[in-house]
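Text of the file structure_39.csv, holding CSV, C-alpha atoms:
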```csv
chain,number,residue,atom,x,y,z
L,1,MET,CA,87.7,92.1,85.4
L,2,PRO,CA,89.9,95.0,86.7
L,3,LEU,CA,93.6,94.7,85.9
L,4,ASP,CA,94.7,94.4,89.5
L,5,LYS,CA,92.2,91.5,90.0
L,6,MET,CA,93.5,89.8,86.9
L,7,MET,CA,97.1,90.2,88.1
L,8,GLU,CA,96.2,88.8,91.5
L,9,SER,CA,94.4,85.8,89.9
L,10,ALA,CA,97.4,85.2,87.7
L,11,LYS,CA,99.8,85.4,90.6
L,12,ARG,CA,97.6,83.0,92.6
L,13,GLY,CA,97.6,80.5,89.7
L,14,LEU,CA,101.3,80.7,89.3
L,15,ALA,CA,101.9,80.2,93.0
L,16,THR,CA,99.5,77.2,93.0
L,17,GLY,CA,101.3,75.7,90.0
L,18,ARG,CA,104.7,76.1,91.6
L,19,ALA,CA,103.3,74.5,94.8
L,20,ARG,CA,102.0,71.6,92.8
L,21,ILE,CA,105.3,71.1,91.1
L,22,ASP,CA,107.2,71.2,94.4
L,23,GLU,CA,104.8,68.7,95.9
L,24,THR,CA,105.2,66.4,92.9
L,25,LYS,CA,109.0,66.6,93.2
L,26,ALA,CA,108.9,65.9,96.9
L,27,GLN,CA,106.7,62.8,96.4
L,28,ARG,CA,109.0,61.5,93.6
L,29,GLN,CA,112.0,61.9,95.8
L,30,ARG,CA,110.2,60.1,98.7
L,31,ASP,CA,109.2,57.3,96.4
L,32,LYS,CA,112.8,57.0,95.2
L,33,LEU,CA,114.1,56.8,98.7
L,34,LEU,CA,111.5,54.2,99.7
L,35,TYR,CA,112.5,52.1,96.7
L,36,GLU,CA,116.2,52.4,97.6
L,37,LEU,CA,115.4,51.4,101.2
L,38,GLY,CA,113.4,48.4,100.1
L,39,LYS,CA,116.2,47.4,97.6
L,40,ALA,CA,118.8,47.7,100.4
L,41,SER,CA,116.7,45.7,102.8
L,42,TYR,CA,116.2,42.9,100.3
L,43,ALA,CA,119.9,42.8,99.6
L,44,GLU,CA,120.6,42.6,103.3
L,45,HIS,CA,118.3,39.6,103.7
L,46,ALA,CA,119.9,38.0,100.7
L,47,GLY,CA,123.3,38.5,102.2
L,48,HIS,CA,124.5,40.9,99.6
L,49,ALA,CA,124.5,44.1,101.7
L,50,THR,CA,125.3,45.1,105.3
L,51,HIS,CA,122.9,46.5,107.9
L,52,GLU,CA,124.8,49.8,107.7
L,53,ALA,CA,123.8,50.2,104.1
L,54,VAL,CA,120.1,49.8,105.1
L,55,ALA,CA,120.6,52.3,108.0
L,56,ARG,CA,122.1,54.9,105.6
L,57,LYS,CA,119.0,54.6,103.3
L,58,LEU,CA,116.7,54.9,106.3
L,59,ARG,CA,118.5,58.0,107.5
L,60,ALA,CA,118.2,59.5,104.1
L,61,LEU,CA,114.4,58.9,104.1
L,62,ASP,CA,114.2,60.3,107.6
L,63,ASP,CA,116.1,63.5,106.6
L,64,HIS,CA,113.8,64.0,103.7
L,65,GLU,CA,110.7,63.7,105.9
L,66,GLN,CA,112.1,66.1,108.4
L,67,ALA,CA,113.0,68.6,105.7
L,68,LEU,CA,109.4,68.5,104.4
L,69,ARG,CA,108.0,68.9,108.0
L,70,ALA,CA,110.3,72.0,108.5
L,71,LYS,CA,109.0,73.4,105.2
L,72,TYR,CA,105.4,73.2,106.3
L,73,GLU,CA,106.0,74.2,109.9
L,74,ARG,CA,106.7,77.8,109.0
L,75,ARG,CA,105.6,80.7,111.1
L,76,ALA,CA,103.2,83.6,110.4
L,77,ARG,CA,106.2,85.9,110.0
L,78,ASP,CA,107.5,83.7,107.2
L,79,ILE,CA,104.4,83.8,105.0
L,80,MET,CA,103.0,87.3,105.7
L,81,HIS,CA,103.7,90.4,103.6
L,82,PRO,CA,105.5,92.8,105.9
L,83,GLY,CA,105.1,96.5,106.5
L,84,ALA,CA,101.3,96.7,106.4
L,85,GLU,CA,100.2,100.3,106.3
L,86,CYS,CA,97.6,101.5,108.8
L,87,VAL,CA,94.7,103.9,108.5
L,88,ASN,CA,94.3,106.1,111.6
L,89,GLU,CA,91.1,105.3,113.5
L,90,GLY,CA,89.9,109.0,113.1
L,91,GLU,CA,90.3,109.0,109.3
L,92,THR,CA,87.2,108.9,107.1
L,93,ALA,CA,85.9,106.0,105.0
L,94,ALA,CA,86.7,108.1,101.9
L,95,ALA,CA,90.3,108.6,103.0
L,96,ALA,CA,90.6,104.8,103.7
L,97,ALA,CA,89.2,104.0,100.2
L,98,ARG,CA,91.7,106.3,98.6
L,99,LYS,CA,94.5,104.7,100.5
L,100,MET,CA,93.3,101.2,99.5
L,101,ARG,CA,93.2,102.3,95.8
L,102,GLU,CA,96.8,103.8,96.1
L,103,LEU,CA,98.1,100.6,97.7
L,104,GLY,CA,96.1,98.2,95.6
L,105,VAL,CA,94.7,96.4,98.6
L,106,GLY,CA,91.2,95.5,99.8
L,107,SER,CA,91.6,96.1,103.5
L,108,LEU,CA,93.5,98.3,105.9
L,109,PRO,CA,94.4,97.8,109.6
L,110,ILE,CA,93.1,100.5,111.9
L,111,CYS,CA,95.7,101.9,114.2
L,112,GLY,CA,95.3,104.4,117.1
L,113,ALA,CA,97.6,107.1,118.5
L,114,ASP,CA,99.4,104.3,120.4
L,115,ASP,CA,100.4,102.7,117.1
L,116,ARG,CA,98.6,99.5,118.1
L,117,LEU,CA,96.0,97.6,116.2
L,118,HIS,CA,92.4,98.7,116.9
L,119,GLY,CA,90.6,96.9,114.1
L,120,ILE,CA,90.5,96.4,110.4
L,121,VAL,CA,88.3,98.0,107.7
L,122,THR,CA,87.6,96.4,104.3
L,123,ASP,CA,86.4,97.8,101.0
L,124,ARG,CA,83.2,95.8,101.6
L,125,ASP,CA,82.7,97.5,104.9
L,126,ILE,CA,82.8,100.9,103.2
L,127,VAL,CA,80.4,99.8,100.5
L,128,VAL,CA,77.9,97.8,102.6
L,129,ARG,CA,78.0,99.6,105.9
L,130,CYS,CA,78.5,103.2,104.7
L,131,ILE,CA,77.6,103.9,101.1
L,132,ALA,CA,74.7,101.4,100.8
L,133,GLU,CA,73.2,102.8,104.0
L,134,GLY,CA,73.2,106.3,102.5
L,135,ARG,CA,75.9,107.6,104.9
L,136,ASP,CA,78.5,110.1,103.7
L,137,PRO,CA,81.9,108.4,103.4
L,138,GLY,CA,83.5,111.7,103.9
L,139,GLN,CA,82.0,112.0,107.3
L,140,VAL,CA,82.0,108.4,108.6
L,141,SER,CA,85.2,107.4,110.4
L,142,VAL,CA,86.8,104.0,110.0
L,143,ARG,CA,86.4,103.6,113.7
L,144,ASP,CA,82.6,103.4,113.2
L,145,LEU,CA,83.0,100.8,110.5
L,146,ALA,CA,85.2,98.4,112.4
L,147,ARG,CA,83.1,95.6,113.7
L,148,GLY,CA,83.1,92.4,115.7
L,149,GLU,CA,86.0,90.9,117.7
L,150,LEU,CA,89.4,91.9,116.6
L,151,VAL,CA,91.2,88.9,115.0
L,152,TRP,CA,94.9,88.7,114.7
L,153,VAL,CA,97.8,86.3,115.1
L,154,ASP,CA,101.2,86.4,116.7
L,155,ALA,CA,104.2,86.5,114.4
L,156,GLY,CA,105.5,83.3,116.0
L,157,ALA,CA,102.4,81.3,115.4
L,158,GLY,CA,102.6,78.3,113.2
L,159,VAL,CA,100.8,78.1,109.8
L,160,ASP,CA,98.3,75.7,111.3
L,161,GLU,CA,97.3,78.4,113.8
L,162,VAL,CA,97.0,81.0,111.1
L,163,LEU,CA,94.7,78.7,109.1
L,164,HIS,CA,92.7,77.9,112.2
L,165,GLN,CA,92.1,81.6,113.0
L,166,MET,CA,91.1,82.4,109.4
L,167,GLU,CA,88.9,79.4,108.8
L,168,ASP,CA,87.1,79.6,112.2
L,169,ARG,CA,86.4,83.3,111.8
L,170,GLN,CA,85.9,83.1,108.1
L,171,VAL,CA,88.3,86.0,107.4
L,172,LYS,CA,90.5,86.4,104.3
L,173,ARG,CA,93.0,88.8,105.7
L,174,LEU,CA,94.7,88.4,109.1
L,175,PRO,CA,96.9,91.0,110.8
L,176,VAL,CA,100.2,89.8,112.3
L,177,ILE,CA,101.4,91.2,115.6
L,178,GLU,CA,104.8,91.1,117.2
L,179,ASN,CA,105.7,92.8,120.5
L,180,HIS,CA,102.2,94.4,120.5
L,181,ARG,CA,102.9,96.1,117.1
L,182,LEU,CA,101.5,95.4,113.7
L,183,VAL,CA,104.3,93.9,111.5
L,184,GLY,CA,102.4,92.5,108.5
L,185,MET,CA,99.3,91.0,107.0
L,186,ILE,CA,98.4,87.6,105.7
L,187,SER,CA,96.1,87.4,102.7
L,188,GLU,CA,94.8,84.7,100.4
L,189,ALA,CA,97.6,85.5,98.0
L,190,ASP,CA,100.2,84.8,100.8
L,191,LEU,CA,98.5,81.5,101.5
L,192,ALA,CA,98.5,80.6,97.8
L,193,ARG,CA,102.2,81.1,97.7
L,194,ASN,CA,102.9,79.0,100.8
L,195,LEU,CA,100.3,76.2,100.9
L,196,ASP,CA,100.1,73.0,98.9
L,197,GLU,CA,97.1,72.7,96.5
L,198,ARG,CA,95.1,70.3,98.9
L,199,ARG,CA,95.5,72.6,101.9
L,200,LEU,CA,94.7,75.7,99.9
L,201,ALA,CA,91.5,74.1,98.5
L,202,GLU,CA,90.5,73.1,102.0
L,203,PHE,CA,91.0,76.7,103.2
L,204,VAL,CA,88.9,78.1,100.4
L,205,GLY,CA,86.1,75.6,101.0
L,206,LYS,CA,85.9,76.5,104.7
L,207,VAL,CA,86.2,80.3,104.3
L,208,TYR,CA,83.9,80.7,101.3
L,209,ALA,CA,81.3,78.1,102.3
L,210,THR,CA,78.9,80.4,104.1
L,211,SER,CA,81.2,83.5,104.4
L,212,ASP,CA,79.8,87.0,104.0
L,213,VAL,CA,82.9,88.8,105.2
L,214,SER,CA,86.0,90.1,103.4
```
Is it possible to give me this structure as structure tokens?
Amino acid sequence: MPLDKMMESAKRGLATGRARIDETKAQRQRDKLLYELGKASYAEHAGHATHEAVARKLRALDDHEQALRAKYERRARDIMHPGAECVNEGETAAAAARKMRELGVGSLPICGADDRLHGIVTDRDIVVRCIAEGRDPGQVSVRDLARGELVWVDAGAGVDEVLHQMEDRQVKRLPVIENHRLVGMISEADLARNLDERRLAEFVGKVYATSDVS
């Protein structure tokens, strides 16, 4: 396995482990708050505590739940890796492949002279739709390799919308647009750092089930 793939796998495993720890801590805190609420409610019924004591415990539980919701209601701009570098639509597949190697990425957004997103080219596109077909990667432009409907997400979209787009289209990399300009990309590694283990497993199952895209 190439070193960059090993490093990516290690990062993903570390991110998943951290997410699992965070999820466990949140659940333990919730269980503790529920226990304290139950204890306060019992004390109130027994005449050993006031209603205000119960209300305080209830507010603490509600605050905890709201904080968790806020954590998982992040936006595309919060989980993307910013500053995605484009390849010009007139550049060749060979030039795009060299840029991917230099940047250590498996895909590049395709931008035009207007600095707007025109598509996306992946390493798989270059291999399958250029080299495997006997075409010269030094002559084929990335514009010719871009295929299908352009998929992207607004920077202000919620994480649920990001996952909906990626799962429905079975794509593993998603450009992020703000004010009609490319501002970042969301990859599997970004999701691994920001999703809990259950949701990440659900994403992987949907995207890889019958997917043949990169």
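Of the residues listed (L:Cys111, L:Ile21, L:Ile120, L:Ile131), L:Ile131 shows the shortest atom-to-atom separation from L:Ala94; distances use all atoms listed in the file.
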What are the nearest atom pairs, with distances in Å to one decimal, for all residues of stretch 16-94 of chain L that come at most 12 Å from stretch 121-130 of chain L, using only C-alpha atoms, set out by chain and rising residue number as JSON lines?
```
{"residue": "L:Cys86", "atom": "CA", "partner": "L:Val121", "partner_atom": "CA", "distance": 10.0}
{"residue": "L:Val87", "atom": "CA", "partner": "L:Val121", "partner_atom": "CA", "distance": 8.7}
{"residue": "L:Asn88", "atom": "CA", "partner": "L:Val121", "partner_atom": "CA", "distance": 10.8}
{"residue": "L:Glu89", "atom": "CA", "partner": "L:Val121", "partner_atom": "CA", "distance": 9.7}
{"residue": "L:Glu91", "atom": "CA", "partner": "L:Val121", "partner_atom": "CA", "distance": 11.3}
{"residue": "L:Thr92", "atom": "CA", "partner": "L:Ile126", "partner_atom": "CA", "distance": 9.9}
{"residue": "L:Ala93", "atom": "CA", "partner": "L:Ile126", "partner_atom": "CA", "distance": 6.2}
{"residue": "L:Ala94", "atom": "CA", "partner": "L:Ile126", "partner_atom": "CA", "distance": 8.3}
```
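If you look at atom CA of L:Arg135 and atom CA of L:Leu108, they are 19.9 Å away from each other.
Distance annotation: of L:Asn194, L:Ser41, L:Gln139, L:Thr50, the residue with the minimal separation from L:Arg77 is L:Asn194; atom set is all atoms listed in the file.
Interatomic distance, atom CA of L:Val183 against atom CA of L:Gly83: 5.7 Å.
Here the selection is built from all atoms listed in the file, and the residues within 6 Å of (88.2, 102.8, 113.5) turn out to be Glu89, Ile110, Val142, Arg143, Asp144 and Ala146 of chain L.
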For atom CA of L:Val176 and atom CA of L:Asp160, the interatomic separation in Å (one decimal): 14.3 Å
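Minimum atom-to-atom distance to L:Asp168, evaluated using only C-alpha atoms, belongs to L:Val151 out of L:Val151, L:Ala43, L:Leu68, L:Leu191.
You can rank L:Gln27, L:Ala40, L:Asp63, L:Asp78 by their closest distance to L:Arg193 using all atoms listed in the file, and at the top of that list sits L:Asp78.
The smallest atom-to-atom distance between L:Glu178 and any of L:Arg116, L:Arg59, L:His51, L:Lys206, using all atoms listed in the file, is found for L:Arg116.
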Polymer residues at most 8 Å from L:Leu163, only C-alpha atoms, same-chain spacing of 4 or more positions, as a PyMOL selection string: chain L and resi 159+167+203
Written selection (C-alpha atoms) as a PDB file, keeping the file's coordinate frame:
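In the end it all went to result-v1.pdb:
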```pdb
ATOM      1  CA  VAL L 159     100.800  78.100 109.800  1.00  0.00           C
ATOM      2  CA  GLU L 167      88.900  79.400 108.800  1.00  0.00           C
ATOM      3  CA  PHE L 203      91.000  76.700 103.200  1.00  0.00           C
TER       4      PHE L 203
END
```
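The smallest atom-to-atom distance between L:Ala26 and any of L:His81, L:His64, L:Arg56, L:Arg199, using only C-alpha atoms, is found for L:His64.
Applying the 9 Å criterion to (104.7, 84.7, 119.3) in file coordinates and using all atoms listed in the file, one obtains the residues L:Val153, L:Asp154, L:Ala155, L:Gly156, L:Ala157, L:Ile177, L:Glu178, L:Asn179.
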For stretch 128-143 of chain L, where the input has fewer atoms than it should, I would like N, CA, C and O atoms rebuilt and written as a compact mmCIF listing (two decimals), in the frame of the given file.
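Result written to result24.txt:
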```
# COMPACT_ATOMS: atom_id res chain seq x y z
N VAL L 128 79.11 98.37 101.97
CA VAL L 128 77.90 97.80 102.60
C VAL L 128 77.44 98.63 103.79
O VAL L 128 76.24 98.91 103.95
N ARG L 129 78.39 99.02 104.65
CA ARG L 129 78.00 99.60 105.90
C ARG L 129 78.07 101.14 105.91
O ARG L 129 77.77 101.78 106.92
N CYS L 130 78.47 101.71 104.77
CA CYS L 130 78.50 103.20 104.70
C CYS L 130 77.71 103.64 103.45
O CYS L 130 76.62 104.20 103.60
N ILE L 131 78.21 103.38 102.27
CA ILE L 131 77.60 103.90 101.10
C ILE L 131 76.17 103.32 100.87
O ILE L 131 75.22 104.05 100.59
N ALA L 132 76.01 101.99 101.01
CA ALA L 132 74.70 101.40 100.80
C ALA L 132 73.67 101.82 101.81
O ALA L 132 72.46 101.74 101.56
N GLU L 133 74.12 102.31 102.95
CA GLU L 133 73.20 102.80 104.00
C GLU L 133 72.94 104.30 103.86
O GLU L 133 72.28 104.90 104.70
N GLY L 134 73.47 104.89 102.79
CA GLY L 134 73.20 106.30 102.50
C GLY L 134 74.05 107.24 103.40
O GLY L 134 73.75 108.43 103.49
N ARG L 135 75.09 106.74 104.00
CA ARG L 135 75.90 107.60 104.90
C ARG L 135 77.03 108.21 104.01
O ARG L 135 77.43 107.69 102.97
N ASP L 136 77.52 109.34 104.46
CA ASP L 136 78.50 110.10 103.70
C ASP L 136 79.92 109.54 104.07
O ASP L 136 80.37 109.68 105.22
N PRO L 137 80.62 108.91 103.10
CA PRO L 137 81.90 108.40 103.40
C PRO L 137 82.97 109.42 103.77
O PRO L 137 84.02 109.09 104.33
N GLY L 138 82.66 110.67 103.47
CA GLY L 138 83.50 111.70 103.90
C GLY L 138 83.36 112.18 105.30
O GLY L 138 84.15 112.97 105.82
N GLN L 139 82.33 111.66 105.94
CA GLN L 139 82.00 112.00 107.30
C GLN L 139 82.15 110.84 108.30
O GLN L 139 82.42 111.02 109.48
N VAL L 140 81.95 109.63 107.78
CA VAL L 140 82.00 108.40 108.60
C VAL L 140 83.46 108.04 108.87
O VAL L 140 84.24 107.93 107.92
N SER L 141 83.83 107.83 110.12
CA SER L 141 85.20 107.40 110.40
C SER L 141 85.34 105.92 110.32
O SER L 141 84.36 105.17 110.49
N VAL L 142 86.56 105.47 110.06
CA VAL L 142 86.80 104.00 110.00
C VAL L 142 86.55 103.35 111.31
O VAL L 142 86.23 102.16 111.38
N ARG L 143 86.69 104.10 112.39
CA ARG L 143 86.40 103.60 113.70
C ARG L 143 84.97 103.07 113.80
O ARG L 143 84.68 102.05 114.42
```
